[in-house]
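Below is one structure; the comments refer to it alone.
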Amino acid sequence: MKSPRRRAREFALQGLYQWQLAGNDAPAIEAHLSGVAGFEKMDRPLFDLLLKGAIAGAAELQALIEPQIDRPYAELSPVERAILLLATFELKRHVEAPYKVVINEAIE
């Protein structure tokens with residue numbers, strides 16, 4: 001069974017994917033995702049923090065990610081970018097989260 005925090009990370013990942021492909025803003029993404037099964041079982045404050053924070057800080061996060069990867073950022077798939085943005089945001093701005101959990105969930 002998935003924890004509410006894990007669900008929040010998964011939904012935030014889906015939201016970041018939507019943001020990249022469709023250019024939707026956070027409220028539109030939340031409205032769309034709210035109809036998906038399991039949305040009501042997640043940690044809503046964590047979801048809001050991750051989605052809005054990663055979108056707002058995307059340029060800064062990209063600058064942190066680029067020196068660490070083996071190819072241009074633009075060559076990453078939207079899923080890879082979303083995972084890296086989400087994990088980098090959480091490691092950088094949500095230090096209360098155990099880093100081992102953040103890394104493990106990003107890998108999974």
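Letters A, B, ... mark the chains of the structure tokens in the order given; residue numbers begin at 1 per chain; ligand numbers begin at 1, in order shown.
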Requested in this report: Could you tell me, as a PyMOL selection string, which residues of chain A DSSP assigns to alpha helix (DSSP H) when given the backbone?
Outcome: chain A and resi 4-22+26-33+44-56+58-65+78-93+99-107
Within 8 Å of stretch 10-21 of chain A, which residues of stretch 37-82 of chain A come that close, and what is the closest atom pair and distance in Å for each? Count only C-alpha atoms and give it as a tab-separated table.
residue	atom	partner	partner_atom	distance
A:Phe39	CA	A:Phe11	CA	7.5
A:Phe47	CA	A:Ala12	CA	5.7
A:Asp48	CA	A:Ala12	CA	7.9
A:Leu50	CA	A:Ala12	CA	6.2
A:Leu51	CA	A:Ala12	CA	5.1
A:Ala54	CA	A:Leu16	CA	7.8
A:Ile55	CA	A:Leu16	CA	7.3
A:Pro78	CA	A:Tyr17	CA	6.1
A:Val79	CA	A:Tyr17	CA	6.3
A:Ala82	CA	A:Leu16	CA	5.5
Report task. Pick out the residues sitting within 10 Å of A:Leu64, and hand them over as a ChimeraX atom specification; count only C-alpha atoms, and ignore anything fewer than 3 positions along from it in its own chain. Result -> /A:58-61,67-69,85,88-89,92
Suppose we keep N, CA, C and O atoms; can you now write the selection as a PDB file, in the first residue's frame?
ATOM      1  N   ALA A  58      11.997  26.041 -11.459  1.00  0.00           N
ATOM      2  CA  ALA A  58      12.509  25.181 -12.532  1.00  0.00           C
ATOM      3  C   ALA A  58      13.837  25.666 -13.117  1.00  0.00           C
ATOM      4  O   ALA A  58      14.743  24.865 -13.340  1.00  0.00           O
ATOM      5  N   ALA A  59      13.981  26.954 -13.355  1.00  0.00           N
ATOM      6  CA  ALA A  59      15.224  27.466 -13.953  1.00  0.00           C
ATOM      7  C   ALA A  59      16.407  27.262 -13.010  1.00  0.00           C
ATOM      8  O   ALA A  59      17.482  26.815 -13.431  1.00  0.00           O
ATOM      9  N   GLU A  60      16.208  27.561 -11.737  1.00  0.00           N
ATOM     10  CA  GLU A  60      17.275  27.361 -10.740  1.00  0.00           C
ATOM     11  C   GLU A  60      17.610  25.877 -10.608  1.00  0.00           C
ATOM     12  O   GLU A  60      18.785  25.496 -10.538  1.00  0.00           O
ATOM     13  N   LEU A  61      16.587  25.042 -10.574  1.00  0.00           N
ATOM     14  CA  LEU A  61      16.809  23.600 -10.447  1.00  0.00           C
ATOM     15  C   LEU A  61      17.536  23.057 -11.667  1.00  0.00           C
ATOM     16  O   LEU A  61      18.449  22.241 -11.540  1.00  0.00           O
ATOM     17  N   PRO A  67      25.063  20.505 -14.610  1.00  0.00           N
ATOM     18  CA  PRO A  67      26.462  20.072 -14.469  1.00  0.00           C
ATOM     19  C   PRO A  67      26.611  18.611 -14.012  1.00  0.00           C
ATOM     20  O   PRO A  67      27.706  18.048 -14.105  1.00  0.00           O
ATOM     21  N   GLN A  68      25.529  18.014 -13.551  1.00  0.00           N
ATOM     22  CA  GLN A  68      25.597  16.668 -12.993  1.00  0.00           C
ATOM     23  C   GLN A  68      25.210  15.567 -13.975  1.00  0.00           C
ATOM     24  O   GLN A  68      25.357  14.386 -13.669  1.00  0.00           O
ATOM     25  N   ILE A  69      24.739  15.937 -15.151  1.00  0.00           N
ATOM     26  CA  ILE A  69      24.274  14.922 -16.101  1.00  0.00           C
ATOM     27  C   ILE A  69      25.236  14.790 -17.275  1.00  0.00           C
ATOM     28  O   ILE A  69      26.037  15.677 -17.538  1.00  0.00           O
ATOM     29  N   LEU A  85      13.751  17.269 -11.632  1.00  0.00           N
ATOM     30  CA  LEU A  85      13.249  18.520 -11.051  1.00  0.00           C
ATOM     31  C   LEU A  85      12.623  18.269  -9.685  1.00  0.00           C
ATOM     32  O   LEU A  85      12.896  18.994  -8.717  1.00  0.00           O
ATOM     33  N   THR A  88      15.360  17.099  -7.094  1.00  0.00           N
ATOM     34  CA  THR A  88      16.263  18.204  -6.783  1.00  0.00           C
ATOM     35  C   THR A  88      15.555  19.245  -5.933  1.00  0.00           C
ATOM     36  O   THR A  88      16.120  19.748  -4.950  1.00  0.00           O
ATOM     37  N   PHE A  89      14.318  19.560  -6.270  1.00  0.00           N
ATOM     38  CA  PHE A  89      13.562  20.512  -5.448  1.00  0.00           C
ATOM     39  C   PHE A  89      13.433  19.992  -4.027  1.00  0.00           C
ATOM     40  O   PHE A  89      13.669  20.725  -3.065  1.00  0.00           O
ATOM     41  N   LYS A  92      16.710  20.093  -2.125  1.00  0.00           N
ATOM     42  CA  LYS A  92      17.199  21.458  -1.912  1.00  0.00           C
ATOM     43  C   LYS A  92      16.281  22.282  -1.006  1.00  0.00           C
ATOM     44  O   LYS A  92      16.754  23.027  -0.158  1.00  0.00           O
TER      45      LYS A  92
END
